[in-house]
>>> print(open('input21.cif').read())   # mmCIF, C-alpha atoms
data_coords
loop_
_atom_site.label_atom_id
_atom_site.label_comp_id
_atom_site.auth_asym_id
_atom_site.auth_seq_id
_atom_site.Cartn_x
_atom_site.Cartn_y
_atom_site.Cartn_z
CA MET R 1 0.00 0.00 0.00
CA GLN R 2 2.82 2.38 0.90
CA ILE R 3 4.46 1.91 -2.51
CA ILE R 4 1.19 2.56 -4.37
CA GLU R 5 0.70 5.79 -2.45
CA ILE R 6 4.15 7.01 -3.42
CA ILE R 7 3.63 6.05 -7.08
CA VAL R 8 0.36 8.03 -7.11
CA GLY R 9 2.22 10.97 -5.55
CA ILE R 10 4.91 10.93 -8.23
CA VAL R 11 2.29 10.74 -11.02
CA LEU R 12 0.57 13.72 -9.35
CA LEU R 13 3.81 15.70 -9.62
CA ILE R 14 4.24 14.73 -13.28
CA PHE R 15 0.72 15.82 -14.21
CA ALA R 16 1.09 19.08 -12.25
CA PHE R 17 4.23 19.86 -14.26
CA LEU R 18 2.47 18.97 -17.53
CA ALA R 19 -0.53 21.14 -16.60
CA ILE R 20 1.74 24.12 -16.09
CA GLU R 21 4.07 23.61 -19.04
CA ALA R 22 1.63 22.36 -21.74
CA LYS R 23 1.70 24.42 -24.94
CA LYS R 24 -2.05 24.41 -25.62
CA ILE R 25 -4.44 25.74 -23.00
CA ILE R 26 -7.01 22.99 -23.59
CA ASN R 27 -4.38 20.32 -22.83
CA SER R 28 -3.49 22.19 -19.68
CA VAL R 29 -7.12 22.09 -18.53
CA ILE R 30 -7.39 18.35 -19.27
CA TYR R 31 -4.20 17.66 -17.30
CA LEU R 32 -5.69 19.65 -14.40
CA SER R 33 -8.75 17.39 -14.51
CA ILE R 34 -6.54 14.26 -14.42
CA LEU R 35 -4.64 15.79 -11.49
CA SER R 36 -7.93 16.16 -9.60
CA MET R 37 -8.87 12.53 -10.22
CA LEU R 38 -5.47 11.36 -8.92
CA ALA R 39 -5.91 13.61 -5.90
CA VAL R 40 -9.19 11.76 -5.24
CA VAL R 41 -7.24 8.46 -5.15
CA SER R 42 -4.79 10.00 -2.73
CA PHE R 43 -7.62 11.28 -0.50
CA VAL R 44 -9.10 7.79 -0.36
CA PHE R 45 -5.72 6.36 0.65
CA MET R 46 -5.62 8.86 3.52
CA LYS R 47 -9.10 7.76 4.71
CA ALA R 48 -11.00 10.93 3.87
CA PRO R 49 -14.14 9.79 1.98
CA ASP R 50 -16.08 13.04 2.41
CA VAL R 51 -13.31 15.09 0.84
CA ALA R 52 -12.87 12.51 -1.90
CA ILE R 53 -16.52 12.76 -2.97
CA THR R 54 -16.40 16.55 -2.97
CA GLU R 55 -13.18 16.69 -4.96
CA ALA R 56 -14.48 14.11 -7.47
CA VAL R 57 -17.63 16.10 -8.19
CA ILE R 58 -16.08 19.55 -8.16
CA GLY R 59 -12.49 19.12 -9.32
CA SER R 60 -13.13 16.96 -12.32
CA GLY R 61 -16.62 18.09 -13.25
CA LEU R 62 -17.51 21.67 -12.50
CA VAL R 63 -14.08 23.33 -12.63
CA THR R 64 -13.24 21.72 -15.98
CA ALA R 65 -16.61 22.76 -17.37
CA ILE R 66 -16.10 26.35 -16.23
CA PHE R 67 -12.64 26.48 -17.81
CA ILE R 68 -13.92 25.09 -21.10
CA PHE R 69 -16.86 27.50 -21.22
CA THR R 70 -14.39 30.34 -20.76
CA LEU R 71 -12.31 28.98 -23.64
CA PHE R 72 -15.47 28.77 -25.80
CA SER R 73 -16.34 32.35 -25.09
CA ILE R 74 -12.83 33.50 -25.89
CA LYS R 75 -12.92 31.53 -29.21
CA LYS R 76 -9.16 31.19 -29.41
CA VAL R 77 -8.90 27.64 -28.13
CA GLY R 78 -5.34 26.51 -27.57
CA ASP R 79 -3.82 29.58 -29.19
CA LYS R 80 -0.91 30.56 -27.04
CA LYS R 81 0.87 33.07 -29.21
CA MET G 1 14.51 32.57 -20.10
CA MET G 2 16.21 34.61 -17.40
CA LYS G 3 12.92 34.86 -15.55
CA ARG G 4 12.55 31.08 -15.47
CA VAL G 5 16.03 30.59 -14.03
CA ILE G 6 15.39 33.13 -11.29
CA ALA G 7 12.01 31.55 -10.51
CA ALA G 8 13.59 28.09 -10.35
CA LEU G 9 16.27 29.37 -7.97
CA LEU G 10 13.62 30.95 -5.77
CA ILE G 11 11.63 27.70 -5.68
CA LEU G 12 14.82 25.78 -4.85
CA VAL G 13 15.54 28.02 -1.87
CA LEU G 14 11.93 27.74 -0.70
CA ALA G 15 12.06 23.95 -1.07
CA LEU G 16 15.29 23.68 0.93
CA PHE G 17 13.81 25.88 3.67
CA ILE G 18 10.56 23.89 3.92
CA TYR G 19 12.11 20.44 3.60
CA GLY G 20 14.77 21.29 6.17
CA ASN G 21 12.34 22.54 8.79
CA LEU G 22 9.29 20.32 8.24
CA TYR G 23 10.00 17.66 10.86
CA SER G 24 12.24 19.67 13.17
CA THR G 25 11.97 18.58 16.80
CA GLY G 26 12.27 20.52 20.04
CA GLU G 27 11.12 24.10 20.46
CA GLY G 28 10.09 24.90 16.90
CA LYS G 29 8.19 21.66 16.33
CA LEU G 30 5.87 22.00 13.34
CA PHE G 31 4.32 18.70 12.26
CA PRO G 32 4.53 15.12 13.50
CA LYS G 33 5.85 12.52 11.08
CA PHE G 34 3.32 11.18 8.56
CA GLY G 35 1.06 8.66 10.33
CA ASN G 36 2.44 9.23 13.83
CA VAL G 37 -0.24 11.64 14.98
CA ASN G 38 -1.15 11.44 18.65
CA LEU G 39 -4.87 12.19 18.68
CA SER G 40 -5.21 12.38 22.46
CA GLU G 41 -3.26 15.64 22.55
CA ARG G 42 -5.36 17.29 19.82
CA VAL G 43 -8.71 19.01 20.09
CA SER G 44 -10.25 16.48 17.67
CA ASN G 45 -10.22 13.90 20.45
CA LYS G 46 -13.10 15.76 22.09
CA PHE G 47 -15.00 15.91 18.82
CA ILE G 48 -14.57 12.14 18.29
CA ASN G 49 -15.72 11.21 21.81
CA LYS G 50 -18.40 13.93 21.72
CA ASN G 51 -17.37 15.30 25.11
CA ALA G 52 -16.49 18.93 24.39
CA ASN G 53 -18.57 19.84 27.47
CA GLY G 54 -16.86 17.14 29.51
CA GLU G 55 -19.50 14.41 29.51
CA ASN G 56 -19.75 10.80 28.28
CA GLY G 57 -16.53 9.05 27.27
CA VAL G 58 -17.11 6.40 24.62
CA VAL G 59 -19.70 6.56 21.84
CA THR G 60 -21.06 3.30 20.41
CA TYR G 61 -23.03 2.93 17.18
CA LYS G 62 -26.81 2.47 17.64
CA GLU G 63 -26.46 2.43 21.46
CA THR G 64 -25.45 5.84 22.74
CA LYS G 65 -28.47 8.05 23.39
CA ASP G 66 -28.57 11.83 23.61
CA ALA G 67 -24.94 12.44 22.83
CA GLU G 68 -23.78 16.03 22.35
CA SER G 69 -24.03 15.81 18.59
CA GLY G 70 -25.74 12.61 17.52
CA SER G 71 -24.19 12.42 14.07
CA ALA G 72 -22.38 9.19 13.16
CA ASN G 73 -20.21 10.99 10.59
CA MET G 74 -17.73 13.01 12.63
CA VAL G 75 -16.82 15.34 9.78
CA THR G 76 -20.48 16.37 9.55
CA SER G 77 -20.69 16.89 13.30
CA ILE G 78 -17.69 19.23 13.09
CA VAL G 79 -18.85 21.11 9.98
CA VAL G 80 -22.47 21.64 11.02
CA ASN G 81 -22.43 21.44 14.81
CA TYR G 82 -19.14 22.30 16.48
CA ARG G 83 -17.93 24.74 13.82
CA SER G 84 -21.23 25.77 12.28
CA PHE G 85 -20.43 29.47 12.43
CA ASP G 86 -17.42 28.79 10.22
CA THR G 87 -19.70 27.09 7.69
CA LEU G 88 -22.07 30.06 7.74
CA GLY G 89 -19.16 32.34 6.82
CA GLU G 90 -18.06 29.94 4.10
CA VAL G 91 -21.53 29.85 2.55
CA THR G 92 -21.45 33.66 2.61
CA VAL G 93 -18.13 33.70 0.73
CA LEU G 94 -19.61 31.40 -1.92
CA PHE G 95 -22.64 33.68 -2.18
CA VAL G 96 -20.45 36.75 -2.65
CA SER G 97 -18.39 35.11 -5.39
CA ALA G 98 -21.55 33.94 -7.20
CA LEU G 99 -22.88 37.49 -6.87
CA GLY G 100 -19.69 38.87 -8.42
CA VAL G 101 -19.93 36.47 -11.36
CA GLY G 102 -23.59 37.40 -11.85
CA LEU G 103 -22.81 41.11 -11.80
CA LEU G 104 -19.94 40.88 -14.28
CA LEU G 105 -21.51 38.44 -16.76
CA SER G 106 -25.11 39.54 -16.96
CA GLY G 107 -25.82 38.64 -20.56
CA LYS G 108 -29.32 38.21 -21.88
CA SER G 109 -28.91 35.58 -24.61
CA ARG G 110 -27.66 32.04 -24.34
CA MET G 111 -24.23 31.09 -25.75
CA LYS G 112 -24.45 28.64 -28.67
CA PHE G 113 -21.98 25.80 -29.11
CA LYS G 114 -20.19 25.29 -32.43
CA THR G 115 -21.50 21.75 -32.93
CA PRO G 116 -25.14 21.10 -31.97
CA PRO G 117 -25.69 18.24 -29.47
CA ASN G 118 -26.28 14.90 -31.19
CA PHE G 119 -28.90 12.25 -30.49
CA ILE G 120 -26.79 10.04 -28.20
CA LEU G 121 -25.96 12.94 -25.89
CA LYS G 122 -29.61 14.00 -25.69
CA ALA G 123 -30.93 10.49 -24.98
CA GLY G 124 -28.13 9.69 -22.52
CA VAL G 125 -28.64 12.88 -20.53
CA ARG G 126 -32.37 12.18 -20.29
CA ILE G 127 -31.59 8.89 -18.54
CA ILE G 128 -28.60 9.95 -16.44
CA ALA G 129 -29.61 13.38 -15.16
CA GLY G 130 -32.49 12.08 -13.08
CA ILE G 131 -30.26 9.51 -11.40
CA ILE G 132 -27.67 12.19 -10.64
CA LEU G 133 -30.33 14.49 -9.15
CA ILE G 134 -31.69 11.73 -6.90
CA THR G 135 -28.15 10.77 -5.81
CA GLY G 136 -27.41 14.38 -4.90
CA VAL G 137 -30.56 14.67 -2.80
CA TYR G 138 -29.83 11.31 -1.13
CA ILE G 139 -26.30 12.42 -0.30
CA PHE G 140 -27.32 15.57 1.50
CA ILE G 141 -30.24 13.99 3.34
CA HIS G 142 -27.99 11.20 4.66
CA GLY G 143 -25.04 13.52 5.33
CA HIS G 144 -24.95 12.68 9.03
CA LEU G 145 -24.75 8.91 8.49
CA THR G 146 -22.69 8.28 5.36
CA PRO G 147 -19.84 10.15 3.63
CA GLY G 148 -21.05 13.22 1.82
CA GLY G 149 -23.23 16.08 2.89
CA GLY G 150 -24.53 19.39 1.69
CA PHE G 151 -21.51 20.52 -0.28
CA PRO G 152 -21.03 17.44 -2.53
CA GLY G 153 -24.80 16.95 -2.82
CA GLY G 154 -25.30 20.53 -3.97
CA SER G 155 -22.46 20.20 -6.47
CA MET G 156 -24.07 17.03 -7.86
CA ILE G 157 -27.33 18.92 -8.43
CA ALA G 158 -25.35 21.63 -10.19
CA SER G 159 -23.64 19.05 -12.41
CA ALA G 160 -27.05 17.65 -13.40
CA VAL G 161 -28.05 21.18 -14.42
CA LEU G 162 -24.77 21.39 -16.36
CA LEU G 163 -25.72 18.22 -18.25
CA PHE G 164 -29.10 19.76 -19.17
CA TYR G 165 -27.27 22.81 -20.48
CA ILE G 166 -24.85 20.92 -22.73
CA SER G 167 -27.51 18.56 -24.09
CA ASP G 168 -29.96 21.23 -25.18
CA ASP G 169 -29.08 24.39 -27.07
CA GLU G 170 -32.21 26.22 -25.98
CA PHE G 171 -32.27 25.22 -22.32
CA ARG G 172 -32.30 28.03 -19.79
CA THR G 173 -33.03 27.62 -16.10
CA LYS G 174 -35.55 29.85 -14.44
CA VAL G 175 -32.97 32.05 -12.78
CA LYS G 176 -35.54 33.81 -10.64
CA SER G 177 -36.71 30.63 -8.93
CA PHE G 178 -33.09 29.62 -8.22
CA LYS G 179 -32.46 33.04 -6.69
CA PHE G 180 -35.56 32.60 -4.53
CA LEU G 181 -34.50 29.09 -3.40
CA GLU G 182 -31.01 30.32 -2.56
CA GLY G 183 -32.23 33.28 -0.55
CA THR G 184 -34.80 31.19 1.33
CA ALA G 185 -32.29 28.47 2.24
CA GLY G 186 -29.72 31.03 3.41
CA SER G 187 -32.23 32.91 5.56
CA LEU G 188 -33.57 29.66 7.08
CA TYR G 189 -30.00 28.76 8.11
CA LEU G 190 -29.75 32.12 9.89
CA ILE G 191 -33.20 31.70 11.46
CA PHE G 192 -32.25 28.30 12.89
CA GLY G 193 -29.11 29.90 14.33
CA LEU G 194 -31.19 32.63 15.97
CA LEU G 195 -33.66 30.02 17.32
CA GLY G 196 -30.70 28.32 18.98
CA LEU G 197 -29.70 31.68 20.44
CA THR G 198 -33.11 32.12 22.05
CA MET G 199 -33.48 28.53 23.26
CA GLY G 200 -29.99 27.47 24.30
CA GLY G 201 -28.08 30.65 24.93
CA TYR G 202 -25.65 30.67 22.01
CA PHE G 203 -25.82 31.04 18.24
CA LEU G 204 -26.56 27.82 16.28
CA TYR G 205 -27.19 25.81 19.45
CA ASN G 206 -28.42 22.26 18.74
CA PHE G 207 -31.80 22.62 20.44
CA LEU G 208 -33.60 19.53 19.09
CA PRO G 209 -33.17 16.12 20.83
CA THR G 210 -30.21 14.26 19.31
CA GLY G 211 -31.58 10.72 19.54
CA VAL G 212 -29.67 7.47 19.04
CA VAL G 213 -26.41 7.70 17.09
CA GLY G 214 -26.79 6.13 13.65
CA GLU G 215 -30.52 6.45 13.00
CA LEU G 216 -32.00 8.58 10.23
CA PHE G 217 -33.96 10.86 12.57
CA SER G 218 -31.13 11.79 14.88
CA ALA G 219 -28.55 14.51 15.45
CA GLY G 220 -31.04 17.33 16.05
CA ILE G 221 -30.68 20.24 13.67
CA VAL G 222 -27.66 18.79 11.84
CA PRO G 223 -29.55 17.12 8.93
CA ILE G 224 -31.95 20.07 8.64
CA ILE G 225 -29.12 22.56 8.29
CA TYR G 226 -27.26 20.29 5.87
CA ILE G 227 -30.37 20.18 3.65
CA PHE G 228 -30.41 23.99 3.60
CA VAL G 229 -26.69 24.08 2.79
CA GLY G 230 -27.20 21.56 -0.01
CA LEU G 231 -30.07 23.52 -1.58
CA LYS G 232 -28.13 26.77 -1.28
CA VAL G 233 -24.91 25.40 -2.79
CA GLY G 234 -26.82 23.62 -5.56
CA SER G 235 -28.80 26.67 -6.62
CA GLU G 236 -25.76 28.93 -6.34
CA LEU G 237 -23.55 26.76 -8.53
CA SER G 238 -26.40 26.28 -11.05
CA ASN G 239 -26.74 30.05 -11.26
CA LEU G 240 -22.99 30.32 -11.77
CA ILE G 241 -23.10 27.88 -14.71
CA SER G 242 -26.05 29.74 -16.22
CA ASP G 243 -24.12 33.01 -15.92
CA PHE G 244 -21.07 31.47 -17.58
CA LEU G 245 -23.14 30.34 -20.56
CA SER G 246 -24.71 33.73 -21.19
CA GLU G 247 -23.53 36.32 -23.68
CA GLU G 248 -23.90 40.01 -24.19
CA GLY G 249 -26.59 39.98 -26.72
CA LYS G 250 -29.34 41.31 -28.77
CA MET K 1 7.94 10.72 2.36
CA ILE K 2 4.51 11.29 0.78
CA GLN K 3 4.25 14.69 2.45
CA TYR K 4 7.36 15.82 0.55
CA LEU K 5 5.55 15.04 -2.71
CA PHE K 6 2.53 17.12 -1.68
CA ILE K 7 4.79 20.05 -0.81
CA GLY K 8 6.38 19.55 -4.22
CA LEU K 9 2.91 20.08 -5.71
CA ILE K 10 2.63 23.39 -3.83
CA LEU K 11 6.07 24.45 -5.10
CA ILE K 12 5.14 23.59 -8.71
CA GLY K 13 2.04 25.76 -8.33
CA ILE K 14 4.14 28.71 -7.11
CA TYR K 15 6.58 28.16 -9.99
CA GLY K 16 3.70 28.34 -12.45
CA LEU K 17 2.39 31.53 -10.88
CA LEU K 18 5.85 33.10 -11.23
CA THR K 19 6.66 32.08 -14.80
CA GLN K 20 3.47 31.86 -16.84
CA LYS K 21 2.27 34.79 -18.95
CA ASN K 22 -1.10 33.49 -20.12
CA LEU K 23 -3.94 34.46 -17.77
CA ILE K 24 -5.78 31.13 -17.98
CA LYS K 25 -2.51 29.33 -17.25
CA LEU K 26 -2.21 31.45 -14.11
CA VAL K 27 -5.63 30.25 -12.95
CA VAL K 28 -4.57 26.65 -13.70
CA ALA K 29 -1.45 27.17 -11.59
CA LEU K 30 -3.62 28.53 -8.77
CA ASN K 31 -5.71 25.34 -8.93
CA VAL K 32 -2.61 23.13 -8.79
CA LEU K 33 -1.46 25.07 -5.71
CA GLU K 34 -4.88 24.56 -4.13
CA VAL K 35 -4.85 20.79 -4.71
CA GLY K 36 -1.39 20.58 -3.14
CA VAL K 37 -2.40 22.56 -0.06
CA ASN K 38 -5.55 20.44 0.41
CA LEU K 39 -3.59 17.19 0.16
CA PHE K 40 -1.01 18.43 2.65
CA ILE K 41 -3.62 19.53 5.20
CA ILE K 42 -5.35 16.13 4.99
CA SER K 43 -2.01 14.35 5.40
CA THR K 44 -1.34 16.11 8.72
CA GLY K 45 -4.32 14.25 10.22
CA TYR K 46 -3.52 10.74 9.03
CA VAL K 47 -3.09 8.04 11.69
CA LYS K 48 -1.36 4.80 10.77
CA ASP K 49 -3.89 1.91 10.48
CA GLY K 50 -6.76 4.31 11.22
CA VAL K 51 -10.23 4.06 9.75
CA ALA K 52 -12.36 6.79 8.19
CA PRO K 53 -14.00 9.01 10.86
CA ILE K 54 -17.50 7.51 10.59
CA LEU K 55 -19.04 5.44 13.37
CA PHE K 56 -20.29 2.05 12.26
CA LYS K 57 -21.16 -1.28 13.78
CA GLY K 58 -18.67 -2.62 16.31
CA VAL K 59 -16.31 0.37 16.41
CA PRO K 60 -16.44 2.38 19.64
CA SER K 61 -14.73 5.75 19.59
CA THR K 62 -11.53 4.97 21.45
CA ASN K 63 -8.17 6.56 20.80
CA GLY K 64 -6.08 5.56 17.84
CA THR K 65 -8.92 4.04 15.81
CA PHE K 66 -9.98 7.00 13.70
CA VAL K 67 -8.03 9.46 11.64
CA ASP K 68 -8.26 13.13 12.63
CA PRO K 69 -11.61 14.53 11.36
CA LEU K 70 -10.80 18.23 11.87
CA PRO K 71 -8.51 18.74 8.80
CA GLN K 72 -11.08 16.92 6.67
CA ALA K 73 -13.81 19.32 7.80
CA LEU K 74 -11.60 22.30 6.96
CA VAL K 75 -10.65 20.97 3.51
CA LEU K 76 -14.28 20.09 2.69
CA THR K 77 -15.21 23.74 2.86
CA ALA K 78 -11.96 24.91 1.25
CA ILE K 79 -12.66 22.93 -1.93
CA VAL K 80 -16.04 24.60 -2.44
CA ILE K 81 -14.47 28.01 -1.79
CA GLY K 82 -11.93 27.10 -4.50
CA VAL K 83 -14.70 26.81 -7.10
CA GLY K 84 -15.93 30.28 -6.19
CA VAL K 85 -12.44 31.75 -6.50
CA THR K 86 -11.81 30.01 -9.83
CA ALA K 87 -15.16 31.15 -11.25
CA LEU K 88 -14.58 34.76 -10.22
CA ALA K 89 -11.02 34.73 -11.64
CA LEU K 90 -12.22 33.31 -14.97
CA THR K 91 -14.95 35.95 -15.12
CA VAL K 92 -12.32 38.66 -14.74
CA VAL K 93 -10.24 36.94 -17.44
CA ARG K 94 -13.22 37.08 -19.82
CA LYS K 95 -13.73 40.76 -19.14
CA ILE K 96 -10.02 41.47 -19.68
CA TYR K 97 -10.15 39.66 -23.02
CA GLU K 98 -13.15 41.70 -24.10
CA LYS K 99 -11.27 44.91 -23.31
CA HIS K 100 -7.76 44.13 -24.57
CA GLY K 101 -8.28 41.36 -27.13
CA THR K 102 -5.42 39.26 -25.77
CA LEU K 103 -4.65 36.94 -22.87
CA ASN K 104 -0.92 37.53 -22.77
CA LEU K 105 0.25 39.78 -19.98
CA ASP K 106 3.14 41.21 -22.03
CA GLU K 107 1.00 42.28 -24.99
CA MET K 108 -1.60 43.95 -22.85
CA GLY K 109 0.02 47.34 -22.35
CA SER K 110 0.98 47.84 -26.00
CA GLU K 111 -2.53 47.02 -27.23
CA SER K 112 -4.15 49.80 -25.28
CA ASP K 113 -1.75 52.43 -26.71
CA ASP K 114 -3.18 52.18 -30.21
#
>>> encode(input="input21.cif", output="structure tokens")
Amino acid sequence: MQIIEIIVGIVLLIFAFLAIEAKKIINSVIYLSILSMLAVVSFVFMKAPDVAITEAVIGSGLVTAIFIFTLFSIKKVGDKK
Amino acid sequence: MMKRVIAALLILVLALFIYGNLYSTGEGKLFPKFGNVNLSERVSNKFINKNANGENGVVTYKETKDAESGSANMVTSIVVNYRSFDTLGEVTVLFVSALGVGLLLSGKSRMKFKTPPNFILKAGVRIIAGIILITGVYIFIHGHLTPGGGFPGGSMIASAVLLFYISDDEFRTKVKSFKFLEGTAGSLYLIFGLLGLTMGGYFLYNFLPTGVVGELFSAGIVPIIYIFVGLKVGSELSNLISDFLSEEGK
Amino acid sequence: MIQYLFIGLILIGIYGLLTQKNLIKLVVALNVLEVGVNLFIISTGYVKDGVAPILFKGVPSTNGTFVDPLPQALVLTAIVIGVGVTALALTVVRKIYEKHGTLNLDEMGSESDD
């Protein structure tokens, strides 16, 4: 169990770095959603089911939707330059 | 490029500082090692044993009667009973941020998506959204027995509304009724707090009988207040989504 | 060991806030920082071989059985606050784009001179 927790932690770090350094904004938002799902796994490992449910609903559903609606309204999806 | 190097150096210094001092012992002790927490020297011990006023020692499921806060889920008993004033402030912060979004994005017409929703999305949402709504309501009614509560339940309701929005190009919620629901739930929370002030002597006092730990009708005002919080959070987040999908328009 | 990784998440979030120029990327970095802080606060309440802080059949509330419920209660509210902050920040980003026509912080001043 200990080793799985540490592997999840390292994957969390990798996806956080990808979310910050991704070239396209839409990829960055998707990586943020994956980061939230992995954080849910980590919350369950630390015996916090209430927080895990909340993070699963909010972090991967609502926040991603809000980001993507903002990108729609800006109509320059993934255009960094 | 230069900026990145300087930022990396700054982060390195910060990391060395934090990693060096995280588990320091002696006078400047910050955190215990991961997993070696001694609960008996923390305040949470009183919340777990439900003896913040210095009464009964051990709580047993389905046996203990009239405990201080009869909720089987301890996180709920902290959020809604012991630290309820904190939750009231938090709900207020959420209300203010939803108000700010509504003020800044007060468009009249609905934003159209580039590709119209296809048949599978429409049919799937018609099946799934009802299940999600019922799950959300179940979660905040049973918040004092099982994991969950008003905040995740309200967010689930909001995500069902989100599904309605993306499956139908013409769908608009009745914003006025959501505003009414939100205001009513918020004021009822305050009214229950004031009732506690008149009956028990302090704000948000748990004045109803708490019953047997683990039964549906137990824990006094905890489930009632969590239902109000769930309705308030759900209507607030639905309003927020509806504001995000509106445009300045003709 | 695992707490070091969560603090690493916080540090990556601060690095993103310092280096990125795109406004939406800044909000993403803020979210990464928030996830790191939440994970770290939960980890300060973990007890080895503890169970989730919910009473069920056959478990009396004696010491050392449950994990600490107080950090979980704090993080539960902090996550919902995070949605409010993110929504308000993205609203401001939309308004800035309507005014300046760009999301890049460096191009913003030169646009308004024209």
>>> interface_residues(input="input21.cif", of="chain G", to="chain R", cutoff="12 Å", atoms="all atoms listed in the file", output="ChimeraX atom specification")
/G:4,34-35,73-76,79,101,105,110-115,132,136,139-140,143-163,165-166,233-234,237-238,240-248
>>> closest_atom_pairs(input="input21.cif", of="chain K", to="chain R", cutoff="8 Å", atoms="all atoms listed in the file", output="CSV")
residue,atom,partner,partner_atom,distance
K:Met1,CA,R:Ile6,CA,7.8
K:Ile2,CA,R:Ile6,CA,6.0
K:Leu5,CA,R:Gly9,CA,6.0
K:Phe6,CA,R:Gly9,CA,7.3
K:Gly8,CA,R:Leu13,CA,7.1
K:Leu9,CA,R:Leu13,CA,5.9
K:Ile12,CA,R:Phe17,CA,6.7
K:Gly13,CA,R:Ala16,CA,7.8
K:Gly16,CA,R:Ile20,CA,5.9
K:Gln20,CA,R:Ile20,CA,8.0
K:Asn22,CA,R:Lys80,CA,7.5
K:Ile24,CA,R:Ile25,CA,7.5
K:Lys25,CA,R:Ile20,CA,6.8
K:Val28,CA,R:Val29,CA,7.1
K:Ala29,CA,R:Ile20,CA,6.3
K:Asn31,CA,R:Leu32,CA,7.9
K:Val32,CA,R:Ala16,CA,6.5
K:Val35,CA,R:Ala39,CA,7.4
K:Leu39,CA,R:Phe43,CA,7.2
K:Ile42,CA,R:Met46,CA,7.4
K:Ser43,CA,R:Met46,CA,6.8
K:Tyr46,CA,R:Met46,CA,6.2
K:Gly50,CA,R:Lys47,CA,7.7
K:Val51,CA,R:Lys47,CA,6.4
K:Ala52,CA,R:Lys47,CA,4.9
K:Pro53,CA,R:Ala48,CA,7.8
K:Val67,CA,R:Lys47,CA,7.2
K:Gln72,CA,R:Val51,CA,6.5
K:Val75,CA,R:Val51,CA,7.0
K:Leu76,CA,R:Val51,CA,5.4
K:Ile79,CA,R:Glu55,CA,7.0
K:Val80,CA,R:Ile58,CA,7.6
K:Val83,CA,R:Val63,CA,6.6
K:Thr86,CA,R:Val63,CA,7.6
K:Ala87,CA,R:Ile66,CA,7.0
K:Leu90,CA,R:Thr70,CA,6.9
K:Thr91,CA,R:Thr70,CA,8.0
K:Arg94,CA,R:Thr70,CA,6.9
K:Tyr97,CA,R:Ile74,CA,7.3
>>> resolve_selection(input="input21.cif", expression="the PyMOL selection byres ((chain K) within 8 of (chain G))", output="mmCIF file with C-alpha atoms, in the frame of the given file")
data_model
loop_
_atom_site.group_PDB
_atom_site.id
_atom_site.type_symbol
_atom_site.label_atom_id
_atom_site.label_comp_id
_atom_site.auth_asym_id
_atom_site.auth_seq_id
_atom_site.Cartn_x
_atom_site.Cartn_y
_atom_site.Cartn_z
ATOM 1 C CA MET K 1 7.940 10.720 2.360
ATOM 2 C CA ILE K 2 4.510 11.290 0.780
ATOM 3 C CA GLN K 3 4.250 14.690 2.450
ATOM 4 C CA TYR K 4 7.360 15.820 0.550
ATOM 5 C CA GLY K 8 6.380 19.550 -4.220
ATOM 6 C CA LEU K 11 6.070 24.450 -5.100
ATOM 7 C CA ILE K 14 4.140 28.710 -7.110
ATOM 8 C CA TYR K 15 6.580 28.160 -9.990
ATOM 9 C CA LEU K 18 5.850 33.100 -11.230
ATOM 10 C CA THR K 19 6.660 32.080 -14.800
ATOM 11 C CA SER K 43 -2.010 14.350 5.400
ATOM 12 C CA THR K 44 -1.340 16.110 8.720
ATOM 13 C CA GLY K 45 -4.320 14.250 10.220
ATOM 14 C CA TYR K 46 -3.520 10.740 9.030
ATOM 15 C CA VAL K 47 -3.090 8.040 11.690
ATOM 16 C CA LYS K 48 -1.360 4.800 10.770
ATOM 17 C CA PRO K 53 -14.000 9.010 10.860
ATOM 18 C CA ILE K 54 -17.500 7.510 10.590
ATOM 19 C CA LEU K 55 -19.040 5.440 13.370
ATOM 20 C CA PHE K 56 -20.290 2.050 12.260
ATOM 21 C CA LYS K 57 -21.160 -1.280 13.780
ATOM 22 C CA GLY K 58 -18.670 -2.620 16.310
ATOM 23 C CA VAL K 59 -16.310 0.370 16.410
ATOM 24 C CA PRO K 60 -16.440 2.380 19.640
ATOM 25 C CA SER K 61 -14.730 5.750 19.590
ATOM 26 C CA THR K 62 -11.530 4.970 21.450
ATOM 27 C CA ASN K 63 -8.170 6.560 20.800
ATOM 28 C CA GLY K 64 -6.080 5.560 17.840
ATOM 29 C CA ASP K 68 -8.260 13.130 12.630
ATOM 30 C CA PRO K 69 -11.610 14.530 11.360
ATOM 31 C CA LEU K 70 -10.800 18.230 11.870
ATOM 32 C CA GLN K 72 -11.080 16.920 6.670
ATOM 33 C CA ALA K 73 -13.810 19.320 7.800
ATOM 34 C CA LEU K 74 -11.600 22.300 6.960
ATOM 35 C CA LEU K 76 -14.280 20.090 2.690
ATOM 36 C CA THR K 77 -15.210 23.740 2.860
ATOM 37 C CA VAL K 80 -16.040 24.600 -2.440
ATOM 38 C CA ILE K 81 -14.470 28.010 -1.790
ATOM 39 C CA GLY K 84 -15.930 30.280 -6.190
ATOM 40 C CA VAL K 85 -12.440 31.750 -6.500
ATOM 41 C CA ALA K 87 -15.160 31.150 -11.250
ATOM 42 C CA LEU K 88 -14.580 34.760 -10.220
ATOM 43 C CA THR K 91 -14.950 35.950 -15.120
ATOM 44 C CA VAL K 92 -12.320 38.660 -14.740
ATOM 45 C CA LYS K 95 -13.730 40.760 -19.140
#
>>> resolve_selection(input="input21.cif", expression="the PyMOL selection byres ((chain G and resi 191) around 12)", output="list in words")
Leu88, Thr184, Ala185, Gly186, Ser187, Leu188, Tyr189, Leu190, Phe192, Gly193, Leu194, Leu195, Gly196, Leu197, Thr198, Phe203, Leu204, Tyr205, Ile221, Ile225 and Phe228 of chain G
